[in-house]
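J.: Handing over my_file.pdb, PDB, C-alpha atoms.
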ATOM      1  CA  MET A 109       0.000   0.000   0.000
ATOM      2  CA  ALA A 110       2.990   2.341   0.256
ATOM      3  CA  GLU A 111       2.408   3.363  -3.353
ATOM      4  CA  ILE A 112      -1.081   4.705  -2.530
ATOM      5  CA  ARG A 113      -0.857   8.416  -1.732
ATOM      6  CA  ILE A 114      -3.564  10.082   0.336
ATOM      7  CA  GLY A 115      -4.003  13.775   0.979
ATOM      8  CA  PHE A 116      -5.586  14.408   4.378
ATOM      9  CA  ALA A 117      -7.137  17.886   4.490
ATOM     10  CA  ILE A 118      -8.206  19.280   7.856
ATOM     11  CA  THR A 119     -10.614  22.198   8.133
ATOM     12  CA  GLY A 120     -11.744  24.178  11.165
ATOM     13  CA  SER A 121     -14.145  21.892  13.019
ATOM     14  CA  PHE A 122     -11.742  22.074  15.943
ATOM     15  CA  CYS A 123     -13.958  20.060  18.317
ATOM     16  CA  THR A 124     -13.447  16.949  16.164
ATOM     17  CA  PHE A 125      -9.649  17.077  15.883
ATOM     18  CA  LYS A 126      -9.211  14.534  18.706
ATOM     19  CA  ALA A 127     -11.319  12.067  16.711
ATOM     20  CA  VAL A 128      -9.740  12.890  13.337
ATOM     21  CA  PHE A 129      -6.029  12.724  14.110
ATOM     22  CA  PRO A 130      -6.111   9.044  15.203
ATOM     23  CA  GLN A 131      -7.632   8.233  11.794
ATOM     24  CA  MET A 132      -4.703   9.934  10.067
ATOM     25  CA  LYS A 133      -2.376   7.794  12.169
ATOM     26  CA  LEU A 134      -4.351   4.651  11.282
ATOM     27  CA  LEU A 135      -3.932   5.349   7.561
ATOM     28  CA  VAL A 136      -0.174   5.692   8.048
ATOM     29  CA  GLU A 137      -0.074   2.478  10.103
ATOM     30  CA  LYS A 138      -1.922   0.681   7.290
ATOM     31  CA  GLY A 139       0.881   1.645   4.903
ATOM     32  CA  TYR A 140      -0.626   4.593   3.057
ATOM     33  CA  ARG A 141       1.604   7.578   2.287
ATOM     34  CA  VAL A 142      -0.305  10.485   3.826
ATOM     35  CA  THR A 143       0.238  14.164   3.052
ATOM     36  CA  PRO A 144      -1.342  16.548   5.587
ATOM     37  CA  ILE A 145      -3.180  19.603   4.304
ATOM     38  CA  MET A 146      -4.683  22.219   6.623
ATOM     39  CA  SER A 147      -6.898  25.204   6.052
ATOM     40  CA  GLU A 148      -5.360  28.479   7.085
ATOM     41  CA  ASN A 149      -7.661  28.544  10.129
ATOM     42  CA  ALA A 150      -6.813  24.989  11.172
ATOM     43  CA  TYR A 151      -3.116  25.729  10.645
ATOM     44  CA  GLY A 152      -3.001  28.961  12.618
ATOM     45  CA  THR A 153      -5.858  29.238  15.118
ATOM     46  CA  ASP A 154      -5.481  28.377  18.785
ATOM     47  CA  THR A 155      -8.770  27.265  20.350
ATOM     48  CA  ARG A 156     -10.043  25.710  23.564
ATOM     49  CA  PHE A 157      -9.495  22.385  21.779
ATOM     50  CA  GLY A 158      -5.741  22.912  21.403
ATOM     51  CA  ASN A 159      -2.946  25.072  20.070
ATOM     52  CA  ALA A 160      -2.479  25.227  16.329
ATOM     53  CA  ARG A 161       1.258  24.566  16.492
ATOM     54  CA  ASP A 162       0.601  21.358  18.460
ATOM     55  CA  TRP A 163      -1.868  20.088  15.820
ATOM     56  CA  VAL A 164       0.560  20.976  13.022
ATOM     57  CA  ARG A 165       3.392  19.193  14.817
ATOM     58  CA  GLN A 166       1.203  16.129  15.378
ATOM     59  CA  ALA A 167       0.235  15.984  11.695
ATOM     60  CA  GLU A 168       3.853  16.301  10.578
ATOM     61  CA  GLU A 169       5.166  13.766  13.100
ATOM     62  CA  THR A 170       2.418  11.280  12.209
ATOM     63  CA  THR A 171       2.946  11.502   8.460
ATOM     64  CA  GLY A 172       6.596  12.482   8.158
ATOM     65  CA  GLN A 173       5.445  15.165   5.704
ATOM     66  CA  THR A 174       5.287  18.955   5.931
ATOM     67  CA  VAL A 175       1.750  20.344   6.185
ATOM     68  CA  ILE A 176       0.431  21.985   3.021
ATOM     69  CA  HIS A 177      -1.352  25.121   4.233
ATOM     70  CA  THR A 178      -1.387  27.642   1.402
ATOM     71  CA  ILE A 179      -3.058  27.827  -1.981
ATOM     72  CA  ALA A 180       0.340  27.980  -3.687
ATOM     73  CA  GLN A 181       1.416  24.750  -1.975
ATOM     74  CA  ALA A 182      -1.859  22.982  -2.884
ATOM     75  CA  GLU A 183      -1.932  23.969  -6.564
ATOM     76  CA  PRO A 184       0.608  21.375  -7.848
ATOM     77  CA  ILE A 185      -1.397  18.433  -6.442
ATOM     78  CA  GLY A 186      -3.274  17.898  -9.712
ATOM     79  CA  PRO A 187      -0.693  18.859 -12.328
ATOM     80  CA  LYS A 188       1.944  16.677 -10.668
ATOM     81  CA  LYS A 189      -0.580  13.893  -9.879
ATOM     82  CA  LEU A 190       0.579  13.784  -6.269
ATOM     83  CA  LEU A 191      -2.417  11.942  -4.773
ATOM     84  CA  ASP A 192      -4.548   8.868  -5.362
ATOM     85  CA  LEU A 193      -7.226   9.998  -2.879
ATOM     86  CA  LEU A 194      -7.988  13.259  -1.115
ATOM     87  CA  ILE A 195      -9.782  13.138   2.238
ATOM     88  CA  ILE A 196     -11.326  16.184   3.918
ATOM     89  CA  ALA A 197     -11.770  15.362   7.595
ATOM     90  CA  PRO A 198     -13.332  17.209   9.239
ATOM     91  CA  CYS A 199     -15.185  19.078   6.517
ATOM     92  CA  THR A 200     -17.012  22.139   7.810
ATOM     93  CA  GLY A 201     -20.209  23.643   6.430
ATOM     94  CA  ASN A 202     -18.132  26.529   5.107
ATOM     95  CA  THR A 203     -15.911  24.153   3.127
ATOM     96  CA  LEU A 204     -18.932  22.160   1.900
ATOM     97  CA  GLY A 205     -20.504  25.383   0.598
ATOM     98  CA  LYS A 206     -17.325  26.467  -1.159
ATOM     99  CA  LEU A 207     -16.879  23.086  -2.845
ATOM    100  CA  ALA A 208     -20.523  22.967  -3.923
ATOM    101  CA  CYS A 209     -20.256  26.440  -5.476
ATOM    102  CA  GLY A 210     -16.804  26.072  -7.021
ATOM    103  CA  ILE A 211     -15.000  28.442  -4.657
ATOM    104  CA  TYR A 212     -11.371  27.458  -4.200
ATOM    105  CA  ASP A 213      -9.847  29.999  -1.836
ATOM    106  CA  THR A 214      -8.262  27.770   0.826
ATOM    107  CA  ALA A 215      -5.583  25.097   0.691
ATOM    108  CA  PRO A 216      -8.137  22.248   1.128
ATOM    109  CA  THR A 217     -10.592  23.575  -1.471
ATOM    110  CA  LEU A 218      -7.866  24.238  -4.028
ATOM    111  CA  ALA A 219      -6.452  20.780  -3.294
ATOM    112  CA  VAL A 220      -9.866  19.356  -4.247
ATOM    113  CA  LYS A 221     -10.020  21.383  -7.463
ATOM    114  CA  SER A 222      -6.474  20.441  -8.384
ATOM    115  CA  HIS A 223      -6.979  16.735  -7.574
ATOM    116  CA  ARG A 224     -10.342  16.538  -9.379
ATOM    117  CA  ARG A 225      -8.817  17.827 -12.628
ATOM    118  CA  ASN A 226      -7.500  14.272 -13.009
ATOM    119  CA  ASP A 227     -10.806  12.705 -11.850
ATOM    120  CA  GLY A 228      -9.180  11.823  -8.527
ATOM    121  CA  PRO A 229     -11.606  10.655  -5.817
ATOM    122  CA  VAL A 230     -12.440  12.884  -2.856
ATOM    123  CA  LEU A 231     -13.752  11.584   0.469
ATOM    124  CA  ILE A 232     -15.618  14.022   2.706
ATOM    125  CA  ALA A 233     -16.129  13.566   6.457
ATOM    126  CA  VAL A 234     -18.878  16.034   7.369
ATOM    127  CA  SER A 235     -18.771  17.943  10.640
ATOM    128  CA  THR A 236     -21.158  20.865  10.765
ATOM    129  CA  ASN A 237     -23.913  22.169  13.012
ATOM    130  CA  ASP A 238     -26.017  23.156   9.982
ATOM    131  CA  ALA A 239     -25.906  19.927   7.944
ATOM    132  CA  LEU A 240     -29.694  19.597   8.011
ATOM    133  CA  SER A 241     -30.336  23.293   7.373
ATOM    134  CA  SER A 242     -28.069  25.724   5.492
ATOM    135  CA  SER A 243     -25.492  23.100   4.458
ATOM    136  CA  ALA A 244     -28.063  20.502   3.333
ATOM    137  CA  ALA A 245     -28.102  21.857  -0.225
ATOM    138  CA  SER A 246     -24.302  21.738  -0.427
ATOM    139  CA  ILE A 247     -24.227  18.160   0.842
ATOM    140  CA  GLY A 248     -26.871  17.163  -1.702
ATOM    141  CA  MET A 249     -25.012  18.833  -4.552
ATOM    142  CA  LEU A 250     -21.747  17.149  -3.602
ATOM    143  CA  GLN A 251     -23.313  13.721  -3.071
ATOM    144  CA  SER A 252     -24.617  13.820  -6.640
ATOM    145  CA  ARG A 253     -21.202  14.495  -8.177
ATOM    146  CA  LYS A 254     -19.016  11.843  -9.726
ATOM    147  CA  GLY A 255     -15.865  11.140  -7.763
ATOM    148  CA  ILE A 256     -17.116  12.645  -4.487
ATOM    149  CA  PHE A 257     -17.692  10.210  -1.631
ATOM    150  CA  PHE A 258     -18.773  10.610   1.992
ATOM    151  CA  VAL A 259     -17.767   8.972   5.237
ATOM    152  CA  PRO A 260     -21.064   7.776   6.776
ATOM    153  CA  TYR A 261     -22.521  10.435   9.042
ATOM    154  CA  GLU A 262     -25.337  10.962  11.516
ATOM    155  CA  GLN A 263     -26.958  13.542  13.739
ATOM    156  CA  ASP A 264     -24.619  13.981  16.666
ATOM    157  CA  ASP A 265     -26.997  15.522  19.226
ATOM    158  CA  PHE A 266     -30.523  15.800  17.835
ATOM    159  CA  ARG A 267     -31.941  17.329  21.031
ATOM    160  CA  ALA A 268     -29.432  20.109  21.627
ATOM    161  CA  LYS A 269     -28.342  20.578  17.986
ATOM    162  CA  PRO A 270     -31.182  19.329  15.770
ATOM    163  CA  THR A 271     -29.520  20.254  12.445
ATOM    164  CA  SER A 272     -25.996  19.076  13.301
ATOM    165  CA  CYS A 273     -24.325  16.062  11.671
ATOM    166  CA  VAL A 274     -20.912  14.527  12.087
ATOM    167  CA  ALA A 275     -19.112  11.730  10.285
ATOM    168  CA  ASP A 276     -18.410   8.485  12.080
ATOM    169  CA  PHE A 277     -14.658   8.966  11.944
ATOM    170  CA  THR A 278     -14.084   5.317  12.927
ATOM    171  CA  LYS A 279     -15.405   4.459   9.444
ATOM    172  CA  LEU A 280     -12.898   6.676   7.656
ATOM    173  CA  LEU A 281     -10.508   3.842   6.716
ATOM    174  CA  PRO A 282     -13.140   1.552   5.132
ATOM    175  CA  ALA A 283     -14.772   4.579   3.471
ATOM    176  CA  ALA A 284     -11.358   5.546   2.041
ATOM    177  CA  GLU A 285     -10.804   2.042   0.708
ATOM    178  CA  ALA A 286     -14.273   2.091  -0.871
ATOM    179  CA  ALA A 287     -13.592   5.505  -2.446
ATOM    180  CA  LEU A 288     -10.304   4.222  -3.881
ATOM    181  CA  ALA A 289     -12.377   1.464  -5.513
ATOM    182  CA  GLY A 290     -14.853   4.052  -6.846
ATOM    183  CA  GLU A 291     -17.617   3.066  -4.426
ATOM    184  CA  GLN A 292     -19.659   4.903  -1.812
ATOM    185  CA  MET A 293     -19.658   3.132   1.556
ATOM    186  CA  GLN A 294     -23.227   2.389   2.655
ATOM    187  CA  PRO A 295     -25.300   3.444   4.408
ATOM    188  CA  VAL A 296     -24.226   7.066   4.002
ATOM    189  CA  LEU A 297     -26.633   8.390   6.612
ATOM    190  CA  PHE A 298     -27.348   6.262   9.650
TER     191      PHE A 298
END
Would you write the structure of this file as structure tokens?
T.:
Amino acid sequence: MAEIRIGFAITGSFCTFKAVFPQMKLLVEKGYRVTPIMSENAYGTDTRFGNARDWVRQAEETTGQTVIHTIAQAEPIGPKKLLDLLIIAPCTGNTLGKLACGIYDTAPTLAVKSHRRNDGPVLIAVSTNDALSSSAASIGMLQSRKGIFFVPYEQDDFRAKPTSCVADFTKLLPAAEAALAGEQMQPVLF
């Protein structure tokens, strides 16, 4: 599996980082070559969930690769055919909306555009409080596109946050393997 190259893009759903980073490590342990990509906010924002520099260091130590965090660094992904699969985990509502509307103004979104120019598969792990409201249209648009796959997701707290959904990050590895085979892991919504 060492020849399979996976981009792992992290956007600003900071509360899910503790669930996401072990999945990055699992991919590396399974023999995939993982390149970390972070949005500018994920790369540089300290939050109550941790310091940015600690997350960056963890990503680089886990993968042995320098984090891609600018548009200029992400642009060569497609032309140089650097990846076999691009994962966005977590993928915020903001990123979903940008991808659905063709807005590529962050390192993760430009990585998607660049990777998709070669029909490369993209796997999205949703994490947004507005998945069943404002972001529902974006999710629907993306789910209908060729080459875009989703990690199965569910409502995470239907009483306190009735429109919020989050991916089951423990299913990221099998969802990635399905996406590499051109298949959507089922069920998508559980």
J.: Could you spell out the hits of the PyMOL selection byres ((chain A and resi 164) around 9) on the shown file, as a PDB file with C-alpha atoms, in the coordinates of the input?
T.:
ATOM      1  CA  PRO A 144      -1.342  16.548   5.587  1.00  0.00           C
ATOM      2  CA  MET A 146      -4.683  22.219   6.623  1.00  0.00           C
ATOM      3  CA  ALA A 150      -6.813  24.989  11.172  1.00  0.00           C
ATOM      4  CA  TYR A 151      -3.116  25.729  10.645  1.00  0.00           C
ATOM      5  CA  GLY A 152      -3.001  28.961  12.618  1.00  0.00           C
ATOM      6  CA  ASN A 159      -2.946  25.072  20.070  1.00  0.00           C
ATOM      7  CA  ALA A 160      -2.479  25.227  16.329  1.00  0.00           C
ATOM      8  CA  ARG A 161       1.258  24.566  16.492  1.00  0.00           C
ATOM      9  CA  ASP A 162       0.601  21.358  18.460  1.00  0.00           C
ATOM     10  CA  TRP A 163      -1.868  20.088  15.820  1.00  0.00           C
ATOM     11  CA  ARG A 165       3.392  19.193  14.817  1.00  0.00           C
ATOM     12  CA  GLN A 166       1.203  16.129  15.378  1.00  0.00           C
ATOM     13  CA  ALA A 167       0.235  15.984  11.695  1.00  0.00           C
ATOM     14  CA  GLU A 168       3.853  16.301  10.578  1.00  0.00           C
ATOM     15  CA  GLU A 169       5.166  13.766  13.100  1.00  0.00           C
ATOM     16  CA  THR A 174       5.287  18.955   5.931  1.00  0.00           C
ATOM     17  CA  VAL A 175       1.750  20.344   6.185  1.00  0.00           C
TER      18      VAL A 175
END
J.: Give me the result of the PyMOL selection byres ((chain A and resi 246-252) around 9) on this file, residue by residue, as a PyMOL selection string.
T.: chain A and resi 201+204-209+234+239+242-245+253-254+256-258
J.: Which residue out of A:Gly228, A:Pro130, A:Gly290, A:Pro295 has the minimum interatomic distance to Thr170 of chain A when only C-alpha atoms are used?
T.: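 Using only C-alpha atoms, the shortest distance to Thr170 of chain A belongs to A:Pro130.
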J.: Enter the distance from atom CA of Ser241 of chain A to atom CA of Leu297 of chain A, in Å, rounded to one decimal.
T.: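 These atoms are spaced 15.4 Å apart.
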J.: How far is it from atom CA of Val128 of chain A to atom CA of Leu218 of chain A, in Å with one decimal?
T.: 20.8 Å
J.: For the interface of segment 176-214 of chain A with segment 266-283 of chain A (cut-off 12 Å, counting all atoms listed in the file), please tabulate each contacting residue of segment 176-214 of chain A alongside its nearest pair of atoms and their separation in Å to one decimal, rows sorted by chain and increasing number, as CSV.
T.:
residue,atom,partner,partner_atom,distance
A:Leu193,CA,A:Ala283,CA,11.3
A:Leu194,CA,A:Ala283,CA,11.9
A:Ile195,CA,A:Leu280,CA,9.0
A:Ile196,CA,A:Leu280,CA,10.3
A:Ala197,CA,A:Phe277,CA,8.3
A:Pro198,CA,A:Ala275,CA,8.0
A:Cys199,CA,A:Ala275,CA,9.1
A:Thr200,CA,A:Val274,CA,9.6
A:Gly201,CA,A:Ser272,CA,10.1
J.: What's the separation between atom CA of His177 of chain A and atom CA of Ile118 of chain A, in Å to one decimal place?
T.: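 Spanning atom CA of His177 of chain A to atom CA of Ile118 of chain A is a straight-line distance of 9.7 Å.
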